[in-house]
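Shown next, in structure tokens, is the structure this report addresses.
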Amino acid sequence: MIESWRWYGPLDTITLPEVAQTRASGIVTALHEIPYGEVWTVNDIRARQALIGKRPDLGLNWIVTESLPVHENIKRGSGDLGRVFGNYRQSLRNLAECGVMAVCYNFMPLLDWTRTQLDVPVPGGGTALQFSAPHMAAFEIHILGRKNAENDYTPDVCAAGEKWFSSSTQEDRSKLLASIMAGLPGAYTRYSIDGLQKALGKYQGISRADLRANFARFLAEVIPTADELGMRMCVHPDDPPRDILGLPRVVSNEEDIAWILAQQDCLANGLTLCSGSLGANPENDLPAIARQFADRIHFAHLRNVKREPDGSFQEVAHLNGDTDMVELVKVLLNEEARRLMVGRMDADIPFRPDHGHELLDDFKRQAFPGYHLTGRMCGLAELRGVIAALRH
Ligand code: DNO
């Protein structure tokens with residue numbers, strides 16, 4: 001498995017020499033400054049590569065793009081799609097020309113990952129990201145005023161949400177909005193309540209079946225090009241893996257993944273196995289999902305969550321939580337061995353310690369939420385230990 005590290009480029013407060021000290025070698029990055037839907041040129045890609053390779057002694061190499069974002073028009077199936085599909089394919093060609101062959105992307109409408117609090121204290125010190133179902137319900141029902149939002153939550157969760165809302169201050173509410181909006185690291189779009197209502201309005205009437213049809217079209221437009229280029233596209237699961245804000249989500253469980261992979265039945269149409277995202281739904285058995293789709297896993301995000309019965313969850317240390325991480329890593333190592341046997345060139349699966357807690361000195365600098373230096377390094381060290389022990 002290739003140890004990798006998400007680095008946000010010049011925007012990142014963590015430097016490449018620091019990344020090298022974690023002993024990860026693969027860099028996962030994106031040209032965040034390029035607006036969604038525009039072409040990533042060879043020049044821009046090479047400039048980022050030059051930055052990463054500036055000190056060869058660090059041994060860092062850009063191995064996965066995360067993300068090459070899918071334009072909202074594609075998800076909604078509206079507007080001049082010929083242009084955005086063409087641009088996406090051109091970006092793939094340019095990445096391939098530069099040797100960056102794996103591309104992670106998601107198909108979540110409007111928002112990327114969603115949390116309600118970014119600084120929940122963890123026992124022994126440090127903080128973690130959390131998703132509280134009652135806080136989300138309070139947001140949707142009482143702050144955003146989304147019609148029929150209460151139907152998406154149990155009466156208990158609605159009641160708990162109302163209780164929180166009625167005793168919350170203006171500051172609590174602003175903090176909640178900021179937390180929910182934080183899930184777009186590197187992207188510049190942040191919605192206000194008003195902006196969010198407008199953006200949601202554009203999705204009015206788009207059903208799950210519509211979103212699936214738009215996804216199938218995207219795959220039909222880009223996967224043949226990726227396949228021709230020998231690239232690996234890997235879709236990132238929804239986080240959390242359920243409908244949110246009334247928006248359908250279609251990358252949330254085994255059935256969804258099977259459907260996606262069947263749309264274009266080739267290696268280029270693959271999966272980012274994100275254990276933390278999928279793991280927030282108790283029905284997702286991560287080792288079983290990994291076993292089922294093993295040959296299409298081109299990238300892994302390893303982290304863990306602890307779930308609550310009401311749908312809330314908190315990010316916990318990489319080896320704690322509800323996902324059996326050792327078993328999951330075992331599945332990935334077995335798949336690597338299988339690939340070697342059949343002579344696949346992509347036997348080594350890149351993985352990164354996904355989010356980490358904010359620990360020790362992490363609070364001294366502003367990192368993207370979840371992307372702290374010490375917390376992630378701690379996760380990487382634990383995972384490295386599991387891998388070494390399993391390989392022994
Ligand atoms: C969260 C990440 C996601 C991921 C995108 C991929 O930290 O795992 O933001 O990068 O969903 O497109």
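A note on labels: chains of the structure tokens are A, B, ... as shown, every chain counts residues from 1, and ligands are counted from 1 in their shown order.
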
Requested in this report: Do a neighbour search on Lys306 of chain A at 7 Å with only C-alpha atoms, toss out local chain neighbours closer than 5 positions, and write the hits as a list in words.
Outcome: Phe313, Gln314, Glu315, Val316, Gly321 and Asp322 of chain A

Query raised in the report: Which polymer residues have any atom within 12 Å of an atom of Pro121 of chain A, counting only C-alpha atoms, with same-chain residues fewer than 3 positions away left out, as a PyMOL selection string?
Result: chain A and resi 117-118+124-130+314-316+357-359

Keeping C-alpha atoms, export the residues of the selection given above as a PDB file, in the first residue's frame.
```pdb
ATOM      1  CA  GLN A 117     -19.297  20.650  14.721  1.00  0.00           C
ATOM      2  CA  LEU A 118     -15.601  20.792  13.915  1.00  0.00           C
ATOM      3  CA  GLY A 124      -7.627  13.000  26.894  1.00  0.00           C
ATOM      4  CA  GLY A 125      -7.465  16.210  24.856  1.00  0.00           C
ATOM      5  CA  GLY A 126      -7.724  17.289  21.258  1.00  0.00           C
ATOM      6  CA  THR A 127     -10.819  17.760  19.148  1.00  0.00           C
ATOM      7  CA  ALA A 128     -12.697  15.883  16.446  1.00  0.00           C
ATOM      8  CA  LEU A 129     -15.332  16.437  13.769  1.00  0.00           C
ATOM      9  CA  GLN A 130     -18.894  15.431  14.574  1.00  0.00           C
ATOM     10  CA  GLN A 314     -18.174  11.278  15.632  1.00  0.00           C
ATOM     11  CA  GLU A 315     -14.760  10.828  14.068  1.00  0.00           C
ATOM     12  CA  VAL A 316     -12.559   8.739  16.344  1.00  0.00           C
ATOM     13  CA  HIS A 357      -8.019  14.787  15.312  1.00  0.00           C
ATOM     14  CA  GLU A 358      -6.615  18.198  16.144  1.00  0.00           C
ATOM     15  CA  LEU A 359      -3.868  17.244  18.586  1.00  0.00           C
TER      16      LEU A 359
END
```

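For the pair atom CA of Pro17 of chain A and atom CA of Gly59 of chain A, the interatomic distance is 9.9 Å.
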
Requested in this report: Could the residues that lie within 7 Å of ligand 1, counting only C-alpha atoms and all ligand atoms, be listed as a list in words?
Outcome: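 If we count only C-alpha atoms and all ligand atoms, the neighbours of ligand 1 turn out to be Glu66, Ser67, Pro69, Cys104, Tyr105, Asn106, Asp112, Trp113, Gly183, Leu184, Pro185, His236, Asp354, His355 and Gly370 of chain A.
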
Report task. Run DSSP on the backbone and grab whatever in segment 92-261 of chain A lands in strand (DSSP E); send it over as a ChimeraX atom specification. Result -> /A:102-106,117-121,127-131,232-236

**Report entry** Close residues, Thr116 of chain A itself excluded, 10 Å, only C-alpha atoms, min 6 positions apart in chain, as a ChimeraX atom specification
**Finding:** /A:129-136,139,175-182,312

Query raised in the report: atom CA of Leu51 of chain A to atom CA of Ala96 of chain A: how many Å, to one decimal?
Result: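 Taking atom CA of Leu51 of chain A and atom CA of Ala96 of chain A, their separation equals 18.1 Å.
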
With only C-alpha atoms counted and 12 Å as the cut-off, give the residues of segment 310-380 of chain A in contact with segment 284-299 of chain A, each with its shortest interatomic distance in Å and the pair that gives it, as CSV.
```
residue,atom,partner,partner_atom,distance
A:Asp322,CA,A:Asp285,CA,9.7
A:Thr323,CA,A:Leu286,CA,6.7
A:Asp324,CA,A:Pro287,CA,7.5
A:Met325,CA,A:Pro287,CA,8.3
A:Val326,CA,A:Pro287,CA,9.3
A:Glu327,CA,A:Pro287,CA,6.3
A:Leu328,CA,A:Pro287,CA,4.7
A:Val329,CA,A:Pro287,CA,8.3
A:Lys330,CA,A:Pro287,CA,8.6
A:Val331,CA,A:Arg291,CA,6.2
A:Leu332,CA,A:Ala294,CA,7.2
A:Leu333,CA,A:Ala294,CA,10.1
A:Asn334,CA,A:Ala294,CA,9.1
A:Glu335,CA,A:Ala294,CA,6.2
A:Glu336,CA,A:Asp295,CA,9.0
A:Ala337,CA,A:Asp295,CA,11.3
A:Arg338,CA,A:Asp295,CA,9.0
A:Arg339,CA,A:Asp295,CA,8.0
A:Leu340,CA,A:Asp295,CA,11.7
A:Val342,CA,A:Asp295,CA,11.3
A:Arg344,CA,A:Asp295,CA,10.1
A:Met345,CA,A:His298,CA,11.8
A:Asp346,CA,A:His298,CA,8.2
A:Ala347,CA,A:His298,CA,9.3
A:Asp348,CA,A:His298,CA,8.8
A:Ile349,CA,A:Phe299,CA,5.9
A:Pro350,CA,A:Phe299,CA,5.2
A:Phe351,CA,A:Phe299,CA,5.6
A:Arg352,CA,A:Phe299,CA,8.3
A:Pro353,CA,A:Phe299,CA,11.4
A:Asp354,CA,A:Phe299,CA,11.4
```

Query raised in the report: Could you pull the residues within 12 Å of segment 150-167 of chain A, counting only C-alpha atoms, minus those fewer than 6 positions along the same chain, as a PyMOL selection string?
Result: chain A and resi 132-144+173-174+176+242-248+308-312

Requested in this report: Tell me, as a list of chain:residue names, which residues lie within 9 Å of segment 27-29 of chain A, counting only C-alpha atoms; anything in the same chain fewer than 3 positions away does not count.
Outcome: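 These residues fall inside the cut-off: A:Glu3, A:Ser4, A:Trp5, A:Arg6, A:Trp7, A:Tyr8, A:Gly9, A:Val19, A:Ala24, A:His32, A:Arg48, A:Ile52, A:Leu60, A:Asn61, A:Trp62, A:Ile63, A:Val64, A:Thr65, A:Glu66, A:Ser67, A:Arg352.
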
Grab the residues selected above and save them as an mmCIF file, in the first residue's frame with N, CA, C and O atoms.
```
data_model
loop_
_atom_site.group_PDB
_atom_site.id
_atom_site.type_symbol
_atom_site.label_atom_id
_atom_site.label_comp_id
_atom_site.auth_asym_id
_atom_site.auth_seq_id
_atom_site.Cartn_x
_atom_site.Cartn_y
_atom_site.Cartn_z
ATOM 1 N N GLU A 3 1.668 4.848 1.031
ATOM 2 C CA GLU A 3 1.263 5.841 2.030
ATOM 3 C C GLU A 3 1.170 7.204 1.357
ATOM 4 O O GLU A 3 2.143 7.686 0.785
ATOM 5 N N SER A 4 0.014 7.803 1.431
ATOM 6 C CA SER A 4 -0.115 9.101 0.784
ATOM 7 C C SER A 4 -0.695 10.134 1.741
ATOM 8 O O SER A 4 -1.153 9.804 2.848
ATOM 9 N N TRP A 5 -0.683 11.367 1.286
ATOM 10 C CA TRP A 5 -1.007 12.501 2.155
ATOM 11 C C TRP A 5 -1.709 13.576 1.335
ATOM 12 O O TRP A 5 -1.213 13.955 0.265
ATOM 13 N N ARG A 6 -2.848 14.038 1.819
ATOM 14 C CA ARG A 6 -3.522 15.106 1.080
ATOM 15 C C ARG A 6 -2.859 16.438 1.378
ATOM 16 O O ARG A 6 -2.740 16.843 2.533
ATOM 17 N N TRP A 7 -2.460 17.091 0.306
ATOM 18 C CA TRP A 7 -1.785 18.380 0.432
ATOM 19 C C TRP A 7 -2.527 19.375 -0.462
ATOM 20 O O TRP A 7 -2.754 19.101 -1.646
ATOM 21 N N TYR A 8 -2.923 20.511 0.133
ATOM 22 C CA TYR A 8 -3.776 21.442 -0.606
ATOM 23 C C TYR A 8 -3.009 22.410 -1.498
ATOM 24 O O TYR A 8 -3.573 23.394 -1.959
ATOM 25 N N GLY A 9 -1.716 22.142 -1.704
ATOM 26 C CA GLY A 9 -0.956 23.031 -2.577
ATOM 27 C C GLY A 9 -0.585 24.302 -1.839
ATOM 28 O O GLY A 9 -0.520 24.332 -0.610
ATOM 29 N N VAL A 19 5.418 17.317 5.413
ATOM 30 C CA VAL A 19 4.741 16.104 4.935
ATOM 31 C C VAL A 19 5.762 14.959 4.846
ATOM 32 O O VAL A 19 5.487 13.827 5.250
ATOM 33 N N ALA A 24 5.133 9.717 4.560
ATOM 34 C CA ALA A 24 4.271 9.402 3.409
ATOM 35 C C ALA A 24 5.053 9.796 2.161
ATOM 36 O O ALA A 24 5.902 10.689 2.211
ATOM 37 N N HIS A 32 -6.982 23.472 -6.867
ATOM 38 C CA HIS A 32 -8.200 24.031 -6.277
ATOM 39 C C HIS A 32 -8.542 25.413 -6.813
ATOM 40 O O HIS A 32 -9.681 25.846 -6.736
ATOM 41 N N ARG A 48 2.389 22.441 -10.665
ATOM 42 C CA ARG A 48 2.154 21.820 -9.350
ATOM 43 C C ARG A 48 3.140 20.663 -9.120
ATOM 44 O O ARG A 48 3.673 20.493 -8.029
ATOM 45 N N ILE A 52 5.943 20.096 -6.097
ATOM 46 C CA ILE A 52 6.026 18.881 -5.276
ATOM 47 C C ILE A 52 7.409 18.225 -5.405
ATOM 48 O O ILE A 52 7.944 17.679 -4.443
ATOM 49 N N LEU A 60 8.802 13.004 -2.696
ATOM 50 C CA LEU A 60 7.349 13.146 -2.843
ATOM 51 C C LEU A 60 6.943 13.164 -4.314
ATOM 52 O O LEU A 60 7.662 13.695 -5.160
ATOM 53 N N ASN A 61 5.773 12.615 -4.573
ATOM 54 C CA ASN A 61 5.336 12.454 -5.944
ATOM 55 C C ASN A 61 3.803 12.543 -5.979
ATOM 56 O O ASN A 61 3.136 11.918 -5.171
ATOM 57 N N TRP A 62 3.271 13.326 -6.900
ATOM 58 C CA TRP A 62 1.802 13.472 -7.012
ATOM 59 C C TRP A 62 1.234 12.186 -7.613
ATOM 60 O O TRP A 62 1.482 11.895 -8.782
ATOM 61 N N ILE A 63 0.489 11.426 -6.809
ATOM 62 C CA ILE A 63 -0.012 10.147 -7.347
ATOM 63 C C ILE A 63 -1.524 10.080 -7.540
ATOM 64 O O ILE A 63 -1.999 9.266 -8.313
ATOM 65 N N VAL A 64 -2.262 10.880 -6.787
ATOM 66 C CA VAL A 64 -3.717 10.859 -6.967
ATOM 67 C C VAL A 64 -4.225 12.294 -7.027
ATOM 68 O O VAL A 64 -3.791 13.140 -6.250
ATOM 69 N N THR A 65 -5.136 12.550 -7.944
ATOM 70 C CA THR A 65 -5.817 13.843 -7.968
ATOM 71 C C THR A 65 -7.068 13.728 -7.115
ATOM 72 O O THR A 65 -7.871 12.814 -7.299
ATOM 73 N N GLU A 66 -7.223 14.613 -6.180
ATOM 74 C CA GLU A 66 -8.444 14.656 -5.373
ATOM 75 C C GLU A 66 -8.760 16.103 -5.102
ATOM 76 O O GLU A 66 -8.005 16.761 -4.398
ATOM 77 N N SER A 67 -9.844 16.548 -5.669
ATOM 78 C CA SER A 67 -10.698 15.975 -6.676
ATOM 79 C C SER A 67 -10.521 16.690 -8.005
ATOM 80 O O SER A 67 -10.081 17.833 -8.034
ATOM 81 N N ARG A 352 -4.643 7.036 2.115
ATOM 82 C CA ARG A 352 -4.198 8.126 2.978
ATOM 83 C C ARG A 352 -4.941 8.054 4.295
ATOM 84 O O ARG A 352 -6.078 7.575 4.357
#
```

Query - Test item, alpha helix (DSSP H) assignment across segment 88-282 of chain A, answer as a ChimeraX atom specification - result: /A:88-97,133-138,155-167,170-181,193-201,208-229,254-263,275-279

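If you look at atom CA of Gly86 of chain A and atom CA of Thr272 of chain A, they are 23.5 Å away from each other.
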
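With distances restricted to only C-alpha atoms, A:Ile14 is the closest residue to Asp362 of chain A from A:Ala47, A:Val251, A:Ile14, A:Ala213.
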